[in-house]
>>> print(open('model-v4.tsv').read())   # TSV, C-alpha atoms and all ligand atoms
chain	number	residue	atom	x	y	z
E	95	MET	CA	153.15	130.98	197.30
E	96	ASP	CA	153.77	128.96	194.18
E	97	PHE	CA	157.38	130.10	193.70
E	98	LYS	CA	160.26	127.95	194.83
E	99	ALA	CA	163.31	130.08	193.96
E	100	CYS	CA	164.57	133.60	193.33
E	101	ILE	CA	167.41	134.31	190.90
E	102	PHE	CA	169.22	137.61	191.31
E	103	ASP	CA	171.31	139.47	188.79
E	104	LEU	CA	174.30	140.92	190.68
E	105	ASP	CA	175.45	144.25	189.20
E	106	GLY	CA	172.83	146.91	189.93
E	107	VAL	CA	170.57	144.52	191.86
E	108	ILE	CA	172.54	143.23	194.86
E	109	VAL	CA	175.26	145.87	194.77
E	110	ASP	CA	175.83	149.04	192.79
E	111	THR	CA	178.84	147.81	190.85
E	112	ALA	CA	177.18	149.27	187.74
E	113	LYS	CA	178.79	152.59	188.68
E	114	TYR	CA	182.25	150.97	188.71
E	115	HIS	CA	181.66	149.40	185.29
E	116	TYR	CA	180.68	152.89	184.09
E	117	LEU	CA	183.76	154.60	185.56
E	118	SER	CA	186.10	151.95	184.14
E	119	TRP	CA	184.60	152.09	180.63
E	120	LYS	CA	184.65	155.91	180.79
E	121	ARG	CA	188.33	155.89	181.66
E	122	LEU	CA	189.07	153.60	178.71
E	123	ALA	CA	186.95	155.67	176.32
E	124	ASP	CA	188.69	158.89	177.45
E	125	GLU	CA	192.06	157.26	176.89
E	126	ILE	CA	191.26	156.36	173.29
E	127	GLY	CA	189.43	159.64	172.65
E	128	LEU	CA	185.88	158.27	172.36
E	129	ASP	CA	182.61	159.74	173.60
E	130	PHE	CA	181.06	157.85	176.47
E	131	ASN	CA	178.00	158.87	178.44
E	132	HIS	CA	175.22	157.43	180.59
E	133	SER	CA	173.01	156.72	177.60
E	134	ILE	CA	175.66	154.52	175.92
E	135	ASN	CA	176.27	152.97	179.33
E	136	GLU	CA	172.61	151.92	179.61
E	137	GLN	CA	173.12	149.68	176.55
E	138	LEU	CA	175.98	147.88	178.32
E	139	LYS	CA	174.04	146.72	181.38
E	140	GLY	CA	173.83	142.94	181.51
E	141	VAL	CA	176.04	142.67	178.41
E	142	SER	CA	179.35	140.75	178.38
E	143	ARG	CA	182.70	142.52	178.57
E	144	MET	CA	183.69	141.96	174.91
E	145	LYS	CA	180.25	142.87	173.60
E	146	SER	CA	180.33	146.03	175.71
E	147	LEU	CA	183.69	146.98	174.18
E	148	ASP	CA	182.33	146.36	170.67
E	149	THR	CA	179.39	148.68	171.43
E	150	ILE	CA	181.69	151.46	172.64
E	151	LEU	CA	184.05	151.12	169.65
E	152	ALA	CA	181.10	151.06	167.22
E	153	GLN	CA	179.95	154.48	168.55
E	154	GLY	CA	183.28	155.93	167.43
E	155	LYS	CA	183.37	153.81	164.25
E	156	LEU	CA	186.67	152.32	165.43
E	157	HIS	CA	187.88	148.92	164.27
E	158	PHE	CA	190.64	147.09	166.10
E	159	ASN	CA	191.98	143.57	165.69
E	160	GLU	CA	191.15	140.89	168.27
E	161	GLY	CA	194.52	141.21	170.07
E	162	LYS	CA	194.11	144.96	170.55
E	163	LYS	CA	190.51	144.52	171.68
E	164	PHE	CA	191.55	141.92	174.22
E	165	SER	CA	194.19	144.24	175.67
E	166	LEU	CA	191.67	147.13	175.91
E	167	ALA	CA	189.12	144.90	177.66
E	168	THR	CA	191.83	143.70	180.05
E	169	ARG	CA	192.77	147.30	180.94
E	170	LYS	CA	189.13	148.09	181.69
E	171	ASN	CA	188.83	144.95	183.80
E	172	ASP	CA	191.98	145.75	185.80
E	173	TRP	CA	190.49	149.12	186.79
E	174	PHE	CA	187.16	147.50	187.59
E	175	ILE	CA	188.90	144.98	189.87
E	176	GLU	CA	190.63	147.85	191.69
E	177	TYR	CA	187.19	149.23	192.51
E	178	LEU	CA	185.93	145.79	193.58
E	179	ASN	CA	188.90	145.30	195.89
E	180	ASN	CA	187.93	148.47	197.76
E	181	MET	CA	184.34	147.39	198.24
E	182	SER	CA	182.77	146.30	201.53
E	183	SER	CA	179.38	145.13	202.75
E	184	ASN	CA	178.39	148.82	203.13
E	185	GLU	CA	177.72	148.77	199.41
E	186	ILE	CA	175.00	146.11	199.49
E	187	LEU	CA	171.90	147.84	198.16
E	188	PRO	CA	169.14	148.84	200.61
E	189	GLY	CA	166.68	146.11	201.62
E	190	ILE	CA	168.69	143.19	200.16
E	191	LEU	CA	169.79	141.65	203.48
E	192	GLN	CA	166.26	141.80	204.88
E	193	PHE	CA	164.86	140.25	201.70
E	194	LEU	CA	167.40	137.38	201.77
E	195	ASP	CA	166.44	136.73	205.41
E	196	TYR	CA	162.77	136.72	204.43
E	197	LEU	CA	163.42	134.14	201.67
E	198	ASP	CA	165.33	131.93	204.11
E	199	GLY	CA	162.38	132.07	206.50
E	200	GLU	CA	160.00	131.03	203.71
E	201	GLY	CA	162.29	128.21	202.50
E	202	ILE	CA	162.67	129.79	199.06
E	203	LYS	CA	165.96	129.01	197.31
E	204	LYS	CA	168.29	131.78	196.16
E	205	ALA	CA	170.69	131.99	193.23
E	206	ILE	CA	172.88	134.53	191.47
E	207	GLY	CA	172.63	134.66	187.67
E	208	SER	CA	175.21	137.17	186.46
E	209	ALA	CA	177.05	137.78	183.19
E	210	SER	CA	180.07	138.98	185.14
E	211	LYS	CA	183.24	136.91	185.35
E	212	ASN	CA	183.98	138.85	188.55
E	213	ALA	CA	180.75	137.89	190.32
E	214	ARG	CA	182.41	135.67	192.95
E	215	LEU	CA	185.02	138.30	193.79
E	216	ALA	CA	182.30	140.95	194.21
E	217	LEU	CA	180.24	138.61	196.44
E	218	GLU	CA	183.30	137.85	198.57
E	219	LYS	CA	184.05	141.54	199.03
E	220	ILE	CA	180.54	142.29	200.26
E	221	ASP	CA	180.44	139.13	202.40
E	222	LEU	CA	177.49	137.53	200.61
E	223	ILE	CA	179.32	134.62	198.96
E	224	ASP	CA	177.73	132.13	201.39
E	225	ARG	CA	174.17	133.45	201.20
E	226	PHE	CA	173.18	131.78	197.88
E	227	ASP	CA	172.39	128.12	197.12
E	228	VAL	CA	173.82	128.51	193.63
E	229	ILE	CA	176.04	131.04	191.85
E	230	VAL	CA	176.13	131.06	188.04
E	231	ASP	CA	178.49	133.63	186.53
E	232	GLY	CA	180.01	134.66	183.20
E	233	ASN	CA	182.64	131.91	183.40
E	234	MET	CA	179.97	129.21	183.27
E	235	VAL	CA	177.88	130.19	180.25
E	236	ASP	CA	178.50	130.68	176.55
E	237	LYS	CA	175.47	132.70	175.58
E	238	ALA	CA	174.91	136.22	176.87
E	239	LYS	CA	171.58	137.68	178.05
E	240	PRO	CA	168.98	138.02	176.43
E	241	ASP	CA	169.68	134.31	175.97
E	242	PRO	CA	168.22	132.58	179.05
E	243	GLU	CA	171.20	130.20	179.54
E	244	VAL	CA	172.48	131.83	182.76
E	245	PHE	CA	169.05	131.67	184.44
E	246	LEU	CA	168.17	128.20	183.15
E	247	LEU	CA	171.47	126.85	184.48
E	248	ALA	CA	170.77	128.45	187.87
E	249	ALA	CA	167.30	126.86	187.97
E	250	GLN	CA	168.71	123.48	186.96
E	251	LYS	CA	171.40	123.63	189.67
E	252	MET	CA	168.72	124.41	192.27
E	253	TYR	CA	166.54	121.55	190.94
E	254	VAL	CA	163.66	124.00	190.45
E	255	GLU	CA	161.54	124.24	187.31
E	256	PRO	CA	162.06	127.54	185.43
E	257	ARG	CA	158.40	128.52	185.78
E	258	LYS	CA	158.78	128.30	189.56
E	259	CYS	CA	161.58	130.89	189.55
E	260	ILE	CA	161.41	134.69	189.84
E	261	VAL	CA	164.25	136.75	188.36
E	262	PHE	CA	165.32	140.16	189.70
E	263	GLU	CA	167.00	142.29	187.05
E	264	ASP	CA	168.05	145.92	186.40
E	265	ALA	CA	168.83	145.45	182.68
E	266	VAL	CA	166.55	145.24	179.67
E	267	ALA	CA	168.63	142.35	178.26
E	268	GLY	CA	168.19	140.50	181.56
E	269	ILE	CA	164.40	140.94	181.58
E	270	LYS	CA	164.28	139.49	178.07
E	271	ALA	CA	166.50	136.60	179.21
E	272	ALA	CA	164.13	135.80	182.10
E	273	HIS	CA	161.12	135.80	179.79
E	274	ASN	CA	162.99	133.73	177.20
E	275	GLY	CA	163.47	131.16	179.98
E	276	SER	CA	159.75	131.25	180.91
E	277	MET	CA	160.45	132.99	184.20
E	278	LEU	CA	158.63	135.85	185.84
E	279	CYS	CA	160.75	139.00	186.13
E	280	VAL	CA	160.84	141.85	188.64
E	281	GLY	CA	162.67	144.90	187.28
E	282	ILE	CA	164.75	146.97	189.71
E	283	GLY	CA	164.95	150.62	188.70
E	284	ASN	CA	163.10	153.00	186.43
E	285	PRO	CA	159.67	151.69	185.26
E	286	GLU	CA	159.97	153.57	181.95
E	287	VAL	CA	163.25	151.85	181.06
E	288	LEU	CA	162.16	148.45	182.42
E	289	SER	CA	158.61	148.43	181.05
E	290	GLU	CA	158.95	144.84	179.75
E	291	ALA	CA	159.23	143.46	183.30
E	292	ASP	CA	156.18	141.87	184.97
E	293	PHE	CA	156.63	144.25	187.91
E	294	VAL	CA	159.05	147.09	188.57
E	295	ILE	CA	160.25	148.23	191.99
E	296	ARG	CA	162.69	151.06	192.70
E	297	THR	CA	164.36	149.27	195.61
E	298	PHE	CA	164.14	146.13	197.76
E	299	GLU	CA	163.46	148.31	200.78
E	300	GLY	CA	160.10	147.36	202.27
E	301	LEU	CA	159.43	144.78	199.52
E	302	ASP	CA	156.48	142.52	200.29
E	303	LEU	CA	156.83	139.76	197.67
E	304	LYS	CA	153.51	138.05	198.37
E	305	ASN	CA	151.67	141.34	198.04
E	306	LEU	CA	153.54	142.24	194.83
E	307	LEU	CA	152.78	138.88	193.21
E	308	SER	CA	149.15	139.03	194.21
E	309	ASN	CA	148.75	141.94	191.78
E	310	LYS	CA	149.66	139.69	188.84
E	311	GLN	CA	146.76	138.78	186.58
E	312	ASP	CA	147.21	135.27	185.13
Z	1	LIG	C1	177.24	142.38	184.13
Z	1	LIG	C2	177.21	143.89	183.99
Z	1	LIG	C3	177.82	144.34	182.69
Z	1	LIG	C4	179.21	143.70	182.52
Z	1	LIG	C5	179.09	142.19	182.54
Z	1	LIG	C6	180.43	141.49	182.39
Z	1	LIG	O1	176.24	141.85	183.34
Z	1	LIG	O2	175.88	144.38	184.05
Z	1	LIG	O3	177.93	145.75	182.71
Z	1	LIG	O4	179.82	144.12	181.31
Z	1	LIG	O5	178.50	141.80	183.77
Z	1	LIG	O6	181.19	141.76	183.54
Z	1	LIG	P1	182.72	141.39	183.70
Z	1	LIG	O7	182.98	141.64	185.17
Z	1	LIG	O8	182.89	139.95	183.34
Z	1	LIG	O9	183.50	142.29	182.81
Z	2	MG	MG	172.63	144.16	186.24
>>> encode(input="model-v4.tsv", output="structure tokens")
Amino acid sequence: MDFKACIFDLDGVIVDTAKYHYLSWKRLADEIGLDFNHSINEQLKGVSRMKSLDTILAQGKLHFNEGKKFSLATRKNDWFIEYLNNMSSNEILPGILQFLDYLDGEGIKKAIGSASKNARLALEKIDLIDRFDVIVDGNMVDKAKPDPEVFLLAAQKMYVEPRKCIVFEDAVAGIKAAHNGSMLCVGIGNPEVLSEADFVIRTFEGLDLKNLLSNKQD
């Protein structure tokens, strides 16, 4: 196989923390009397905390100053961290552990490329912090997905050329980021939502990477 490394998004790919982001944003929206539903939530996947807040406020045509926005984002993050602190390795998504073992056996490097500033905490809670060669999180990059910075930095830290990396993503912004970095992208989730990905799988369970890649027409 011509690939040397896999880069994983975290939320919604390794672990279903996407539901905790949703519940925390919903709680904040309820508190300030704004509508919040799964369709607005879809737009927040892969997007930074402050940009997510801006999206939610824009739905309600609300304008707050930077100080107020910071305190709202902090409230949301405190609730999110409460959820993270209650997490355990039971919440690792199906097929992930087997797939990481498979990559180890093949000598393929593994990285996390996440927009979250809480990525390390989440990985510690689910006992996967030591399973990756490189972890790049929201504290290490300036530009949010769809900018490729987070994935390019992960590739650079692994000493692997971007075109030898495969990205696994559940967010449209993340798929665009992978392509903007000249990387192949496997979408995890609904093929209709993730139609821009090179391949889409519903789950890592039973994934045969060699077989999947062999279906790619160059
Ligand atoms: C990930 C999630 C987003 C989240 C972002 C920032 O990309 O998909 O929903 O807003 O990280 O997370 P943070 O933990 O830093 O608020
Ligand atoms: Mg994600």
>>> residues_near_ligand(input="model-v4.tsv", ligand="ligand LIG 1 (chain Z)", cutoff="10 Å", atoms="all atoms listed in the file", output="ChimeraX atom specification")
/E:103-107,110-116,119,135-147,167-168,170-172,174-175,178,207-216,231-233,238-239,263-265,267-268
>>> atom_distance(input="model-v4.tsv", atom1="atom CA of E:Lys219", atom2="atom CA of E:Val294")
27.7 Å
>>> atom_distance(input="model-v4.tsv", atom1="atom CA of E:Lys237", atom2="atom CA of E:Phe164")
18.6 Å
>>> atom_distance(input="model-v4.tsv", atom1="atom CA of E:Ser118", atom2="atom CA of E:His132")
12.7 Å
>>> closest_residue(input="model-v4.tsv", among="E:Tyr177, E:Phe226, E:Phe245, E:Phe262", to="ligand MG 2 (chain Z)", atoms="only C-alpha atoms and all ligand atoms")
E:Phe262
>>> residues_around(input="model-v4.tsv", residues="E:Tyr196", least_positions_apart="5", cutoff="12 Å", atoms="all atoms listed in the file", output="list of chain:residue names")
E:Cys100, E:Gly189, E:Ile190, E:Leu191, E:Gly201, E:Ile202, E:Lys203, E:Lys204, E:Phe298, E:Gly300, E:Leu301, E:Asp302, E:Leu303, E:Lys304
>>> residues_around(input="model-v4.tsv", residues="E:Arg169", least_positions_apart="4", cutoff="8 Å", atoms="all atoms listed in the file", output="list in words")
Leu122, Ser165 and Trp173 of chain E
>>> residues_around(input="model-v4.tsv", residues="E:Phe293", least_positions_apart="6", cutoff="12 Å", atoms="all atoms listed in the file", output="PyMOL selection string")
chain E and resi 260-264+269+278-286+301+303+305-311
>>> closest_residue(input="model-v4.tsv", among="E:Met277, E:Val266, E:Leu222, E:Val235", to="ligand MG 2 (chain Z)", atoms="only C-alpha atoms and all ligand atoms")
E:Val266
>>> closest_residue(input="model-v4.tsv", among="E:Val228, E:Ala99, E:Ala248, E:Leu288", to="ligand MG 2 (chain Z)", atoms="only C-alpha atoms and all ligand atoms")
E:Leu288
>>> closest_residue(input="model-v4.tsv", among="E:Phe102, E:Leu166, E:Ala205, E:Glu290", to="ligand MG 2 (chain Z)", atoms="all atoms listed in the file")
E:Phe102
>>> closest_residue(input="model-v4.tsv", among="E:Ile206, E:Leu194, E:Ile150, E:Met181", to="ligand MG 2 (chain Z)", atoms="only C-alpha atoms and all ligand atoms")
E:Ile206
>>> residues_around(input="model-v4.tsv", residues="E:Leu246", least_positions_apart="5", cutoff="10 Å", atoms="all atoms listed in the file", output="list in words")
Ile101, Gly207, Val230, Asp241, Lys251, Met252, Val254, Glu255, Pro256, Cys259, Ala271, Ala272, Asn274, Gly275, Ser276 and Met277 of chain E
>>> write_last_selection(input="model-v4.tsv", atoms="C-alpha atoms", output="PDB file, keeping the file's coordinate frame")
ATOM      1  CA  ILE E 101     167.410 134.310 190.900  1.00  0.00           C
ATOM      2  CA  GLY E 207     172.630 134.660 187.670  1.00  0.00           C
ATOM      3  CA  VAL E 230     176.130 131.060 188.040  1.00  0.00           C
ATOM      4  CA  ASP E 241     169.680 134.310 175.970  1.00  0.00           C
ATOM      5  CA  LYS E 251     171.400 123.630 189.670  1.00  0.00           C
ATOM      6  CA  MET E 252     168.720 124.410 192.270  1.00  0.00           C
ATOM      7  CA  VAL E 254     163.660 124.000 190.450  1.00  0.00           C
ATOM      8  CA  GLU E 255     161.540 124.240 187.310  1.00  0.00           C
ATOM      9  CA  PRO E 256     162.060 127.540 185.430  1.00  0.00           C
ATOM     10  CA  CYS E 259     161.580 130.890 189.550  1.00  0.00           C
ATOM     11  CA  ALA E 271     166.500 136.600 179.210  1.00  0.00           C
ATOM     12  CA  ALA E 272     164.130 135.800 182.100  1.00  0.00           C
ATOM     13  CA  ASN E 274     162.990 133.730 177.200  1.00  0.00           C
ATOM     14  CA  GLY E 275     163.470 131.160 179.980  1.00  0.00           C
ATOM     15  CA  SER E 276     159.750 131.250 180.910  1.00  0.00           C
ATOM     16  CA  MET E 277     160.450 132.990 184.200  1.00  0.00           C
TER      17      MET E 277
END
